>>> print(open('coords24.pdb').read())   # PDB, C-alpha atoms, pLDDT in the B column
ATOM      1  CA  MET A 280      51.167  -6.036 104.445  1.00 39.00           C
ATOM      2  CA  GLU A 281      51.386  -9.634 105.563  1.00 40.00           C
ATOM      3  CA  VAL A 282      49.486 -12.097 103.411  1.00 43.00           C
ATOM      4  CA  ARG A 283      48.571 -15.631 104.327  1.00 44.00           C
ATOM      5  CA  ALA A 284      50.233 -18.570 102.630  1.00 43.00           C
ATOM      6  CA  LYS A 285      49.081 -22.147 102.932  1.00 44.00           C
ATOM      7  CA  LYS A 286      50.905 -23.759 105.788  1.00 41.00           C
ATOM      8  CA  PHE A 287      52.911 -26.931 106.219  1.00 36.00           C
ATOM      9  CA  LEU A 288      52.699 -26.927 110.030  1.00 31.00           C
ATOM     10  CA  GLY A 289      51.203 -23.997 111.919  1.00 39.00           C
ATOM     11  CA  GLN A 290      50.335 -20.758 110.157  1.00 50.00           C
ATOM     12  CA  HIS A 291      52.889 -18.731 108.233  1.00 62.00           C
ATOM     13  CA  PHE A 292      52.473 -15.405 106.455  1.00 63.00           C
ATOM     14  CA  LEU A 293      54.249 -14.563 103.221  1.00 71.00           C
ATOM     15  CA  LYS A 294      55.773 -11.111 103.599  1.00 76.00           C
ATOM     16  CA  ASP A 295      57.472 -10.744 100.241  1.00 83.00           C
ATOM     17  CA  GLU A 296      55.066  -9.468  97.589  1.00 89.00           C
ATOM     18  CA  ASN A 297      57.724 -10.021  94.923  1.00 93.00           C
ATOM     19  CA  ILE A 298      57.518 -13.775  95.470  1.00 93.00           C
ATOM     20  CA  ALA A 299      53.753 -13.698  94.931  1.00 91.00           C
ATOM     21  CA  ARG A 300      54.207 -11.640  91.766  1.00 94.00           C
ATOM     22  CA  GLN A 301      56.887 -14.013  90.465  1.00 95.00           C
ATOM     23  CA  ILE A 302      54.629 -17.021  90.978  1.00 95.00           C
ATOM     24  CA  ALA A 303      51.720 -15.357  89.162  1.00 95.00           C
ATOM     25  CA  GLU A 304      53.961 -14.255  86.297  1.00 95.00           C
ATOM     26  CA  SER A 305      55.357 -17.773  85.863  1.00 97.00           C
ATOM     27  CA  LEU A 306      52.243 -18.823  83.947  1.00 96.00           C
ATOM     28  CA  THR A 307      53.166 -18.884  80.263  1.00 94.00           C
ATOM     29  CA  GLY A 308      49.694 -18.337  78.851  1.00 90.00           C
ATOM     30  CA  ARG A 309      49.089 -21.751  77.345  1.00 91.00           C
ATOM     31  CA  THR A 310      45.440 -21.183  78.176  1.00 92.00           C
ATOM     32  CA  SER A 311      43.441 -18.169  79.362  1.00 93.00           C
ATOM     33  CA  HIS A 312      41.456 -20.365  81.776  1.00 94.00           C
ATOM     34  CA  VAL A 313      43.065 -20.483  85.219  1.00 95.00           C
ATOM     35  CA  LEU A 314      42.159 -22.133  88.530  1.00 96.00           C
ATOM     36  CA  GLU A 315      43.890 -21.049  91.727  1.00 95.00           C
ATOM     37  CA  ILE A 316      43.945 -23.642  94.503  1.00 94.00           C
ATOM     38  CA  GLY A 317      43.822 -22.331  98.066  1.00 90.00           C
ATOM     39  CA  PRO A 318      43.970 -18.551  97.533  1.00 90.00           C
ATOM     40  CA  GLY A 319      43.580 -17.820 101.264  1.00 86.00           C
ATOM     41  CA  MET A 320      43.630 -14.050 101.679  1.00 85.00           C
ATOM     42  CA  GLY A 321      44.586 -13.359  98.082  1.00 89.00           C
ATOM     43  CA  VAL A 322      48.388 -13.376  97.997  1.00 85.00           C
ATOM     44  CA  LEU A 323      48.364 -14.512  94.353  1.00 90.00           C
ATOM     45  CA  THR A 324      44.765 -13.637  93.625  1.00 93.00           C
ATOM     46  CA  LYS A 325      45.420  -9.899  93.405  1.00 92.00           C
ATOM     47  CA  TYR A 326      47.894 -10.393  90.542  1.00 93.00           C
ATOM     48  CA  LEU A 327      45.836 -12.992  88.696  1.00 94.00           C
ATOM     49  CA  HIS A 328      42.581 -11.082  89.128  1.00 92.00           C
ATOM     50  CA  ALA A 329      44.210  -7.949  87.698  1.00 90.00           C
ATOM     51  CA  ASN A 330      44.825  -9.752  84.390  1.00 89.00           C
ATOM     52  CA  GLU A 331      41.622  -9.111  82.452  1.00 86.00           C
ATOM     53  CA  LEU A 332      42.627 -11.619  79.777  1.00 84.00           C
ATOM     54  CA  LEU A 333      42.148 -14.529  82.185  1.00 88.00           C
ATOM     55  CA  ASP A 334      39.000 -16.523  82.796  1.00 91.00           C
ATOM     56  CA  PHE A 335      39.948 -16.864  86.443  1.00 93.00           C
ATOM     57  CA  HIS A 336      38.424 -19.107  89.119  1.00 94.00           C
ATOM     58  CA  ALA A 337      39.567 -19.958  92.632  1.00 95.00           C
ATOM     59  CA  ILE A 338      38.761 -22.832  94.985  1.00 95.00           C
ATOM     60  CA  GLU A 339      39.120 -22.421  98.745  1.00 93.00           C
ATOM     61  CA  ILE A 340      38.116 -24.810 101.523  1.00 92.00           C
ATOM     62  CA  ASP A 341      38.331 -22.300 104.409  1.00 90.00           C
ATOM     63  CA  SER A 342      35.028 -20.441 104.888  1.00 92.00           C
ATOM     64  CA  GLU A 343      36.700 -17.376 106.474  1.00 92.00           C
ATOM     65  CA  SER A 344      38.919 -16.972 103.432  1.00 91.00           C
ATOM     66  CA  VAL A 345      35.941 -17.392 101.105  1.00 94.00           C
ATOM     67  CA  VAL A 346      34.162 -14.483 102.833  1.00 95.00           C
ATOM     68  CA  TYR A 347      37.331 -12.372 102.566  1.00 94.00           C
ATOM     69  CA  LEU A 348      37.688 -13.140  98.856  1.00 95.00           C
ATOM     70  CA  HIS A 349      34.031 -12.324  98.134  1.00 95.00           C
ATOM     71  CA  ASP A 350      34.422  -8.999  99.961  1.00 95.00           C
ATOM     72  CA  HIS A 351      37.656  -7.985  98.224  1.00 94.00           C
ATOM     73  CA  TYR A 352      37.078  -9.541  94.791  1.00 94.00           C
ATOM     74  CA  PRO A 353      33.286  -9.478  94.265  1.00 92.00           C
ATOM     75  CA  LYS A 354      33.569 -10.400  90.583  1.00 90.00           C
ATOM     76  CA  LEU A 355      35.799 -13.407  91.229  1.00 93.00           C
ATOM     77  CA  HIS A 356      34.231 -16.849  90.827  1.00 93.00           C
ATOM     78  CA  VAL A 357      35.143 -18.453  94.170  1.00 95.00           C
ATOM     79  CA  ILE A 358      34.253 -22.092  94.758  1.00 94.00           C
ATOM     80  CA  GLU A 359      34.028 -23.129  98.404  1.00 94.00           C
ATOM     81  CA  GLY A 360      35.208 -26.703  98.502  1.00 93.00           C
ATOM     82  CA  ASP A 361      37.990 -29.258  98.238  1.00 94.00           C
ATOM     83  CA  PHE A 362      40.000 -29.396  95.009  1.00 95.00           C
ATOM     84  CA  LEU A 363      40.615 -33.113  95.500  1.00 95.00           C
ATOM     85  CA  ALA A 364      36.857 -33.745  95.461  1.00 94.00           C
ATOM     86  CA  LEU A 365      36.154 -31.399  92.545  1.00 91.00           C
ATOM     87  CA  ASN A 366      34.816 -32.705  89.228  1.00 91.00           C
ATOM     88  CA  LEU A 367      37.116 -30.750  86.942  1.00 91.00           C
ATOM     89  CA  SER A 368      35.242 -31.528  83.721  1.00 87.00           C
ATOM     90  CA  GLU A 369      32.138 -29.866  85.190  1.00 86.00           C
ATOM     91  CA  LEU A 370      34.033 -26.699  86.115  1.00 82.00           C
ATOM     92  CA  PHE A 371      35.866 -26.158  82.815  1.00 86.00           C
ATOM     93  CA  THR A 372      34.802 -27.382  79.402  1.00 88.00           C
ATOM     94  CA  GLN A 373      38.150 -26.185  77.993  1.00 92.00           C
ATOM     95  CA  PRO A 374      41.764 -26.809  79.099  1.00 95.00           C
ATOM     96  CA  PHE A 375      42.823 -24.748  82.116  1.00 96.00           C
ATOM     97  CA  ALA A 376      45.995 -23.974  84.053  1.00 97.00           C
ATOM     98  CA  VAL A 377      46.391 -24.674  87.769  1.00 97.00           C
ATOM     99  CA  ILE A 378      48.291 -22.338  90.101  1.00 97.00           C
ATOM    100  CA  GLY A 379      48.679 -21.907  93.826  1.00 93.00           C
ATOM    101  CA  ASN A 380      50.592 -21.858  97.075  1.00 88.00           C
ATOM    102  CA  PHE A 381      49.546 -25.440  97.583  1.00 89.00           C
ATOM    103  CA  PRO A 382      48.758 -26.802 101.059  1.00 84.00           C
ATOM    104  CA  TYR A 383      51.912 -28.819 101.671  1.00 83.00           C
ATOM    105  CA  ASN A 384      50.167 -31.704 103.406  1.00 87.00           C
ATOM    106  CA  ILE A 385      48.140 -32.528 100.271  1.00 91.00           C
ATOM    107  CA  SER A 386      50.471 -31.239  97.543  1.00 93.00           C
ATOM    108  CA  SER A 387      51.355 -34.731  96.280  1.00 95.00           C
ATOM    109  CA  GLN A 388      47.653 -35.611  96.090  1.00 96.00           C
ATOM    110  CA  ILE A 389      47.070 -32.455  94.049  1.00 97.00           C
ATOM    111  CA  LEU A 390      49.736 -33.575  91.585  1.00 97.00           C
ATOM    112  CA  PHE A 391      48.284 -37.063  91.314  1.00 97.00           C
ATOM    113  CA  LYS A 392      44.944 -35.440  90.445  1.00 97.00           C
ATOM    114  CA  VAL A 393      46.710 -33.297  87.829  1.00 97.00           C
ATOM    115  CA  PHE A 394      48.195 -36.503  86.386  1.00 97.00           C
ATOM    116  CA  ASP A 395      44.753 -38.118  86.222  1.00 95.00           C
ATOM    117  CA  ASN A 396      43.389 -35.031  84.434  1.00 96.00           C
ATOM    118  CA  ARG A 397      46.468 -34.322  82.318  1.00 96.00           C
ATOM    119  CA  ASN A 398      44.563 -33.872  79.068  1.00 94.00           C
ATOM    120  CA  GLN A 399      42.578 -31.048  80.649  1.00 96.00           C
ATOM    121  CA  ILE A 400      45.504 -29.301  82.413  1.00 97.00           C
ATOM    122  CA  PRO A 401      48.236 -28.003  80.070  1.00 97.00           C
ATOM    123  CA  GLU A 402      50.140 -26.080  82.753  1.00 98.00           C
ATOM    124  CA  VAL A 403      50.741 -26.032  86.496  1.00 98.00           C
ATOM    125  CA  VAL A 404      52.649 -23.444  88.529  1.00 98.00           C
ATOM    126  CA  GLY A 405      52.873 -24.036  92.245  1.00 95.00           C
ATOM    127  CA  MET A 406      54.780 -23.506  95.457  1.00 92.00           C
ATOM    128  CA  PHE A 407      55.617 -26.718  97.297  1.00 93.00           C
ATOM    129  CA  GLN A 408      57.755 -27.835 100.173  1.00 92.00           C
ATOM    130  CA  LYS A 409      61.260 -27.799  98.670  1.00 95.00           C
ATOM    131  CA  GLU A 410      61.775 -31.561  99.057  1.00 95.00           C
ATOM    132  CA  VAL A 411      58.554 -32.274  97.145  1.00 95.00           C
ATOM    133  CA  ALA A 412      59.484 -29.824  94.374  1.00 97.00           C
ATOM    134  CA  GLU A 413      62.908 -31.454  94.031  1.00 97.00           C
ATOM    135  CA  ARG A 414      61.320 -34.903  93.890  1.00 96.00           C
ATOM    136  CA  VAL A 415      58.905 -33.894  91.124  1.00 97.00           C
ATOM    137  CA  ALA A 416      61.666 -32.269  89.051  1.00 97.00           C
ATOM    138  CA  ALA A 417      64.240 -35.047  89.662  1.00 97.00           C
ATOM    139  CA  LYS A 418      65.883 -36.969  86.824  1.00 96.00           C
ATOM    140  CA  PRO A 419      66.739 -40.691  86.623  1.00 95.00           C
ATOM    141  CA  GLY A 420      69.648 -41.645  88.847  1.00 94.00           C
ATOM    142  CA  SER A 421      68.798 -39.104  91.526  1.00 93.00           C
ATOM    143  CA  LYS A 422      67.991 -40.281  95.041  1.00 91.00           C
ATOM    144  CA  THR A 423      64.938 -37.987  95.013  1.00 94.00           C
ATOM    145  CA  TYR A 424      63.631 -39.489  91.744  1.00 96.00           C
ATOM    146  CA  GLY A 425      60.342 -41.226  92.470  1.00 96.00           C
ATOM    147  CA  ILE A 426      56.804 -42.110  91.421  1.00 97.00           C
ATOM    148  CA  LEU A 427      55.684 -38.546  90.730  1.00 97.00           C
ATOM    149  CA  SER A 428      58.927 -37.818  88.846  1.00 97.00           C
ATOM    150  CA  VAL A 429      58.175 -40.616  86.369  1.00 98.00           C
ATOM    151  CA  LEU A 430      54.410 -40.251  86.020  1.00 98.00           C
ATOM    152  CA  LEU A 431      54.467 -36.489  85.560  1.00 98.00           C
ATOM    153  CA  SER A 432      57.548 -36.320  83.328  1.00 98.00           C
ATOM    154  CA  ALA A 433      55.856 -38.810  80.995  1.00 98.00           C
ATOM    155  CA  PHE A 434      53.377 -36.083  80.063  1.00 98.00           C
ATOM    156  CA  TYR A 435      54.895 -32.790  81.279  1.00 98.00           C
ATOM    157  CA  ASP A 436      58.107 -30.819  80.895  1.00 98.00           C
ATOM    158  CA  ILE A 437      59.028 -29.934  84.475  1.00 98.00           C
ATOM    159  CA  GLU A 438      61.089 -26.911  85.570  1.00 98.00           C
ATOM    160  CA  TYR A 439      62.379 -26.047  89.029  1.00 98.00           C
ATOM    161  CA  LEU A 440      61.976 -22.259  88.934  1.00 98.00           C
ATOM    162  CA  PHE A 441      63.241 -20.900  92.247  1.00 97.00           C
ATOM    163  CA  THR A 442      63.687 -21.571  95.956  1.00 97.00           C
ATOM    164  CA  VAL A 443      61.670 -19.642  98.546  1.00 94.00           C
ATOM    165  CA  HIS A 444      63.556 -19.185 101.817  1.00 91.00           C
ATOM    166  CA  GLU A 445      62.104 -19.276 105.304  1.00 88.00           C
ATOM    167  CA  HIS A 446      62.768 -15.598 106.067  1.00 88.00           C
ATOM    168  CA  VAL A 447      60.063 -14.374 103.657  1.00 86.00           C
ATOM    169  CA  PHE A 448      57.428 -15.882 105.970  1.00 79.00           C
ATOM    170  CA  ASN A 449      56.327 -14.725 109.402  1.00 74.00           C
ATOM    171  CA  PRO A 450      56.875 -16.756 111.484  1.00 78.00           C
ATOM    172  CA  PRO A 451      59.536 -18.576 109.444  1.00 84.00           C
ATOM    173  CA  PRO A 452      58.600 -22.212 108.766  1.00 81.00           C
ATOM    174  CA  LYS A 453      61.043 -25.025 109.495  1.00 86.00           C
ATOM    175  CA  VAL A 454      61.234 -25.951 105.812  1.00 89.00           C
ATOM    176  CA  LYS A 455      62.244 -24.196 102.619  1.00 93.00           C
ATOM    177  CA  SER A 456      59.772 -23.917  99.768  1.00 93.00           C
ATOM    178  CA  ALA A 457      60.183 -23.946  96.004  1.00 96.00           C
ATOM    179  CA  VAL A 458      58.216 -23.031  92.905  1.00 97.00           C
ATOM    180  CA  ILE A 459      58.026 -25.405  89.944  1.00 98.00           C
ATOM    181  CA  ARG A 460      56.272 -25.296  86.593  1.00 98.00           C
ATOM    182  CA  LEU A 461      54.804 -28.201  84.626  1.00 98.00           C
ATOM    183  CA  ARG A 462      53.939 -27.760  80.938  1.00 98.00           C
ATOM    184  CA  ARG A 463      52.181 -30.438  78.928  1.00 98.00           C
ATOM    185  CA  ASN A 464      54.423 -32.080  76.338  1.00 97.00           C
ATOM    186  CA  ASP A 465      53.436 -33.600  72.976  1.00 96.00           C
ATOM    187  CA  VAL A 466      52.734 -37.118  74.281  1.00 96.00           C
ATOM    188  CA  ASP A 467      49.043 -37.880  73.781  1.00 94.00           C
ATOM    189  CA  ARG A 468      49.318 -41.377  75.165  1.00 95.00           C
ATOM    190  CA  LEU A 469      52.059 -43.844  76.056  1.00 96.00           C
ATOM    191  CA  GLU A 470      52.788 -46.776  73.760  1.00 96.00           C
ATOM    192  CA  CYS A 471      51.701 -49.260  76.403  1.00 96.00           C
ATOM    193  CA  ASP A 472      48.858 -50.045  78.774  1.00 96.00           C
ATOM    194  CA  GLU A 473      48.866 -46.809  80.827  1.00 96.00           C
ATOM    195  CA  ALA A 474      47.136 -48.338  83.852  1.00 95.00           C
ATOM    196  CA  LEU A 475      49.725 -51.115  83.952  1.00 95.00           C
ATOM    197  CA  PHE A 476      52.515 -48.553  83.409  1.00 96.00           C
ATOM    198  CA  THR A 477      51.362 -46.673  86.515  1.00 96.00           C
ATOM    199  CA  LYS A 478      51.194 -49.921  88.474  1.00 95.00           C
ATOM    200  CA  VAL A 479      54.709 -50.967  87.400  1.00 95.00           C
ATOM    201  CA  VAL A 480      56.126 -47.551  88.367  1.00 96.00           C
ATOM    202  CA  LYS A 481      54.461 -47.602  91.789  1.00 95.00           C
ATOM    203  CA  ILE A 482      55.549 -51.177  92.573  1.00 94.00           C
ATOM    204  CA  GLY A 483      59.107 -50.406  91.459  1.00 95.00           C
ATOM    205  CA  PHE A 484      59.460 -47.389  93.739  1.00 96.00           C
ATOM    206  CA  ASN A 485      57.576 -48.897  96.661  1.00 94.00           C
ATOM    207  CA  GLN A 486      60.403 -51.443  96.750  1.00 91.00           C
ATOM    208  CA  ARG A 487      63.116 -49.163  95.454  1.00 88.00           C
ATOM    209  CA  ARG A 488      65.969 -51.084  97.068  1.00 90.00           C
ATOM    210  CA  LYS A 489      65.122 -54.144  94.986  1.00 93.00           C
ATOM    211  CA  THR A 490      65.879 -54.691  91.334  1.00 94.00           C
ATOM    212  CA  LEU A 491      62.870 -54.491  89.041  1.00 94.00           C
ATOM    213  CA  ARG A 492      62.980 -58.278  88.585  1.00 93.00           C
ATOM    214  CA  ASN A 493      62.439 -58.829  92.313  1.00 93.00           C
ATOM    215  CA  ALA A 494      60.065 -55.910  92.819  1.00 92.00           C
ATOM    216  CA  LEU A 495      57.745 -56.991  90.004  1.00 91.00           C
ATOM    217  CA  LYS A 496      57.475 -60.627  91.076  1.00 88.00           C
ATOM    218  CA  GLN A 497      54.271 -59.759  92.943  1.00 81.00           C
ATOM    219  CA  LEU A 498      52.596 -58.986  89.594  1.00 81.00           C
ATOM    220  CA  GLY A 499      52.645 -62.709  88.839  1.00 83.00           C
ATOM    221  CA  MET A 500      53.428 -61.948  85.208  1.00 81.00           C
ATOM    222  CA  ASN A 501      55.796 -63.491  82.700  1.00 86.00           C
ATOM    223  CA  MET A 502      58.882 -61.282  82.386  1.00 90.00           C
ATOM    224  CA  ASP A 503      60.847 -63.463  79.960  1.00 91.00           C
ATOM    225  CA  GLU A 504      60.630 -60.878  77.169  1.00 93.00           C
ATOM    226  CA  VAL A 505      61.686 -57.925  79.320  1.00 93.00           C
ATOM    227  CA  PRO A 506      65.310 -56.929  78.579  1.00 95.00           C
ATOM    228  CA  ALA A 507      67.505 -58.397  81.313  1.00 95.00           C
ATOM    229  CA  ASP A 508      69.514 -55.189  81.715  1.00 96.00           C
ATOM    230  CA  LEU A 509      66.348 -53.292  82.703  1.00 96.00           C
ATOM    231  CA  LEU A 510      65.217 -55.943  85.177  1.00 95.00           C
ATOM    232  CA  ALA A 511      68.660 -55.811  86.789  1.00 96.00           C
ATOM    233  CA  LYS A 512      68.240 -52.103  87.625  1.00 96.00           C
ATOM    234  CA  ARG A 513      66.417 -50.397  90.480  1.00 96.00           C
ATOM    235  CA  ALA A 514      63.473 -48.097  89.785  1.00 96.00           C
ATOM    236  CA  GLU A 515      65.447 -44.898  90.392  1.00 96.00           C
ATOM    237  CA  GLN A 516      67.810 -45.852  87.527  1.00 97.00           C
ATOM    238  CA  LEU A 517      65.063 -46.143  84.903  1.00 97.00           C
ATOM    239  CA  SER A 518      63.728 -43.482  82.543  1.00 97.00           C
ATOM    240  CA  VAL A 519      60.120 -43.105  81.394  1.00 98.00           C
ATOM    241  CA  ALA A 520      61.069 -44.910  78.180  1.00 97.00           C
ATOM    242  CA  ASP A 521      62.527 -47.791  80.208  1.00 97.00           C
ATOM    243  CA  PHE A 522      59.305 -48.157  82.195  1.00 97.00           C
ATOM    244  CA  VAL A 523      57.305 -48.094  78.947  1.00 97.00           C
ATOM    245  CA  THR A 524      59.488 -50.892  77.533  1.00 97.00           C
ATOM    246  CA  ILE A 525      59.028 -53.007  80.664  1.00 96.00           C
ATOM    247  CA  THR A 526      55.263 -52.448  80.564  1.00 96.00           C
ATOM    248  CA  GLN A 527      55.132 -53.480  76.901  1.00 95.00           C
ATOM    249  CA  LYS A 528      57.026 -56.710  77.550  1.00 93.00           C
ATOM    250  CA  VAL A 529      55.446 -58.105  80.706  1.00 89.00           C
ATOM    251  CA  LYS A 530      52.658 -60.572  80.038  1.00 77.00           C
TER     252      LYS A 530
END
>>> encode(input="coords24.pdb", output="structure tokens")
Amino acid sequence: MEVRAKKFLGQHFLKDENIARQIAESLTGRTSHVLEIGPGMGVLTKYLHANELLDFHAIEIDSESVVYLHDHYPKLHVIEGDFLALNLSELFTQPFAVIGNFPYNISSQILFKVFDNRNQIPEVVGMFQKEVAERVAAKPGSKTYGILSVLLSAFYDIEYLFTVHEHVFNPPPKVKSAVIRLRRNDVDRLECDEALFTKVVKIGFNQRRKTLRNALKQLGMNMDEVPADLLAKRAEQLSVADFVTITQKVK
């Protein structure tokens, strides 16, 4: 049977049931509360719904898919709406995991929302466009290391699980996909102003060819106490700890 996957461009159908099973089984059980984003015609839903230990919800923006899910999974709590507009604290009063074949055109926005709600989301398992997955899982010094790499790795342990090749879709997309897993680490809060930390990270990578000294000039802040060796580096060369140090020292 062909099952619909969220598309990057056009519509593509995931043919390999083993991939769907692998994604569902990648949840480590940090919480029994689970939200699936964009279930479509139930490619992952069938495996998640079969686990009676889960308090399982799904959110889907496509009305046709919502009707399909109600027909095939009448006991499933399906929310018709946009995850990006969802008030997560109203849906779950306890921590919950997020899973899905994420719509590739909004996958970065989904991760930014996860970051904003990190204390409520201990785990994420998702399929992304391969380049996005590599960017999220990248380490300092990598050309793919970026804003999401820093912000998410400050609060999550990130694993690149496996690549999903074009041939498992019909028709094959023009891009490879990949599945990654994020698990909340032990950091409750950063030892700096977290709003300023986020701002420093974004400014650094938005001008990634510049050293931090030149990139941060637009902040109009005193950087005399920031270690000179850090200001002499570009954003892609800095770890989370380095960005925390910079944030602590700018005035």
>>> closest_residue(input="coords24.pdb", among="A:Gln301, A:Ser518, A:Gln486, A:Gln399", to="Val322 of chain A", atoms="only C-alpha atoms")
A:Gln301
>>> resolve_selection(input="coords24.pdb", expression="the PyMOL selection byres ((chain A and resi 304) around 12)", output="list in words")
Asn297, Ile298, Ala299, Arg300, Gln301, Ile302, Ala303, Ser305, Leu306, Thr307, Gly308, Leu323, Thr324, Lys325, Tyr326, Leu327, Ala329, Asn330, Ile378, Gly379, Val404, Gly405, Leu440, Val458 and Arg460 of chain A
>>> residues_around(input="coords24.pdb", residues="Lys392 of chain A", least_positions_apart="2", cutoff="10 Å", atoms="all atoms listed in the file", output="list in words")
Phe362, Leu363, Ala364, Leu365, Leu367, Ser386, Ser387, Gln388, Ile389, Leu390, Phe394, Asp395, Asn396 and Arg397 of chain A
>>> write_last_selection(input="coords24.pdb", atoms="C-alpha atoms", output="mmCIF file, in the coordinates of the input")
data_model
loop_
_atom_site.group_PDB
_atom_site.id
_atom_site.type_symbol
_atom_site.label_atom_id
_atom_site.label_comp_id
_atom_site.auth_asym_id
_atom_site.auth_seq_id
_atom_site.Cartn_x
_atom_site.Cartn_y
_atom_site.Cartn_z
ATOM 1 C CA PHE A 362 40.000 -29.396 95.009
ATOM 2 C CA LEU A 363 40.615 -33.113 95.500
ATOM 3 C CA ALA A 364 36.857 -33.745 95.461
ATOM 4 C CA LEU A 365 36.154 -31.399 92.545
ATOM 5 C CA LEU A 367 37.116 -30.750 86.942
ATOM 6 C CA SER A 386 50.471 -31.239 97.543
ATOM 7 C CA SER A 387 51.355 -34.731 96.280
ATOM 8 C CA GLN A 388 47.653 -35.611 96.090
ATOM 9 C CA ILE A 389 47.070 -32.455 94.049
ATOM 10 C CA LEU A 390 49.736 -33.575 91.585
ATOM 11 C CA PHE A 394 48.195 -36.503 86.386
ATOM 12 C CA ASP A 395 44.753 -38.118 86.222
ATOM 13 C CA ASN A 396 43.389 -35.031 84.434
ATOM 14 C CA ARG A 397 46.468 -34.322 82.318
#
>>> atom_distance(input="coords24.pdb", atom1="atom CA of Glu315 of chain A", atom2="atom CA of Asn380 of chain A")
8.6 Å
>>> resolve_selection(input="coords24.pdb", expression="the PyMOL selection byres ((chain A and resi 449) around 8)", output="PyMOL selection string")
chain A and resi 291-294+446-448+450-452
>>> atom_distance(input="coords24.pdb", atom1="atom CA of Thr490 of chain A", atom2="atom CA of Glu470 of chain A")
23.3 Å
>>> closest_residue(input="coords24.pdb", among="A:Asn398, A:Glu410, A:Glu515, A:Asn384", to="Ser368 of chain A", atoms="only C-alpha atoms")
A:Asn398
>>> residues_around(input="coords24.pdb", residues="Leu510 of chain A", least_positions_apart="6", cutoff="9 Å", atoms="all atoms listed in the file", output="JSON list (two decimals) with C-alpha atoms, keeping the file's coordinate frame")
[["chain", "number", "residue", "atom", "x", "y", "z"],
["A", 490, "THR", "CA", 65.88, -54.69, 91.33],
["A", 491, "LEU", "CA", 62.87, -54.49, 89.04],
["A", 492, "ARG", "CA", 62.98, -58.28, 88.58],
["A", 493, "ASN", "CA", 62.44, -58.83, 92.31],
["A", 495, "LEU", "CA", 57.74, -56.99, 90.00],
["A", 502, "MET", "CA", 58.88, -61.28, 82.39],
["A", 525, "ILE", "CA", 59.03, -53.01, 80.66]]
>>> residues_around(input="coords24.pdb", residues="Arg513 of chain A", least_positions_apart="3", cutoff="12 Å", atoms="all atoms listed in the file", output="PyMOL selection string")
chain A and resi 419-422+424-425+480+482-495+508-510+516-518+521-522
>>> resolve_selection(input="coords24.pdb", expression="the PyMOL selection byres ((chain A and resi 441) around 9)", output="PDB file with C-alpha atoms, in the coordinates of the input")
ATOM      1  CA  TYR A 439      62.379 -26.047  89.029  1.00 98.00           C
ATOM      2  CA  LEU A 440      61.976 -22.259  88.934  1.00 98.00           C
ATOM      3  CA  THR A 442      63.687 -21.571  95.956  1.00 97.00           C
ATOM      4  CA  VAL A 443      61.670 -19.642  98.546  1.00 94.00           C
ATOM      5  CA  SER A 456      59.772 -23.917  99.768  1.00 93.00           C
ATOM      6  CA  ALA A 457      60.183 -23.946  96.004  1.00 96.00           C
ATOM      7  CA  VAL A 458      58.216 -23.031  92.905  1.00 97.00           C
ATOM      8  CA  ILE A 459      58.026 -25.405  89.944  1.00 98.00           C
TER       9      ILE A 459
END
>>> atom_distance(input="coords24.pdb", atom1="atom CA of Leu430 of chain A", atom2="atom CA of Phe476 of chain A")
8.9 Å
>>> closest_residue(input="coords24.pdb", among="A:Tyr347, A:Tyr352, A:Tyr435, A:Tyr383", to="Gln408 of chain A", atoms="only C-alpha atoms")
A:Tyr383
>>> closest_residue(input="coords24.pdb", among="A:Ser432, A:Asn501, A:Ser342, A:Thr524", to="Asn464 of chain A", atoms="only C-alpha atoms")
A:Ser432
>>> closest_residue(input="coords24.pdb", among="A:Val313, A:Leu431, A:Ile426, A:Met320", to="Leu348 of chain A", atoms="all atoms listed in the file")
A:Met320
>>> closest_residue(input="coords24.pdb", among="A:Val403, A:Val479, A:Met500, A:Cys471", to="Val523 of chain A", atoms="all atoms listed in the file")
A:Cys471
>>> residues_near_point(input="coords24.pdb", point="(37.5, -25.8, 99.2)", cutoff="7 Å", atoms="all atoms listed in the file", output="PyMOL selection string")
chain A and resi 338-341+358-362
>>> axis_aligned_box(input="coords24.pdb", around="segment 411-427 of chain A", padding_each_side="6 Å", output="JSON")
{"center_x": 62.7, "center_y": -36.0, "center_z": 91.9, "size_x": 26.0, "size_y": 24.3, "size_z": 22.5}
>>> decode(input="coords24.pdb", residues="segment 382-399 of chain A", atoms="C-alpha atoms", output="PDB file, in the first residue's frame")
ATOM      1  CA  PRO A 382       6.237  19.301   6.087  1.00  0.00           C
ATOM      2  CA  TYR A 383       9.644  20.293   4.745  1.00  0.00           C
ATOM      3  CA  ASN A 384       8.690  23.873   3.938  1.00  0.00           C
ATOM      4  CA  ILE A 385       7.962  24.639   7.612  1.00  0.00           C
ATOM      5  CA  SER A 386      10.272  22.148   9.342  1.00  0.00           C
ATOM      6  CA  SER A 387      12.652  24.843  10.625  1.00  0.00           C
ATOM      7  CA  GLN A 388       9.699  26.795  12.035  1.00  0.00           C
ATOM      8  CA  ILE A 389       8.545  23.640  13.819  1.00  0.00           C
ATOM      9  CA  LEU A 390      11.965  23.327  15.444  1.00  0.00           C
ATOM     10  CA  PHE A 391      11.998  26.962  16.508  1.00  0.00           C
ATOM     11  CA  LYS A 392       8.632  26.343  18.191  1.00  0.00           C
ATOM     12  CA  VAL A 393      10.097  23.263  19.900  1.00  0.00           C
ATOM     13  CA  PHE A 394      12.958  25.465  21.138  1.00  0.00           C
ATOM     14  CA  ASP A 395      10.499  28.020  22.520  1.00  0.00           C
ATOM     15  CA  ASN A 396       8.605  25.230  24.313  1.00  0.00           C
ATOM     16  CA  ARG A 397      11.643  23.163  25.293  1.00  0.00           C
ATOM     17  CA  ASN A 398      10.590  22.688  28.907  1.00  0.00           C
ATOM     18  CA  GLN A 399       7.386  21.025  27.731  1.00  0.00           C
TER      19      GLN A 399
END
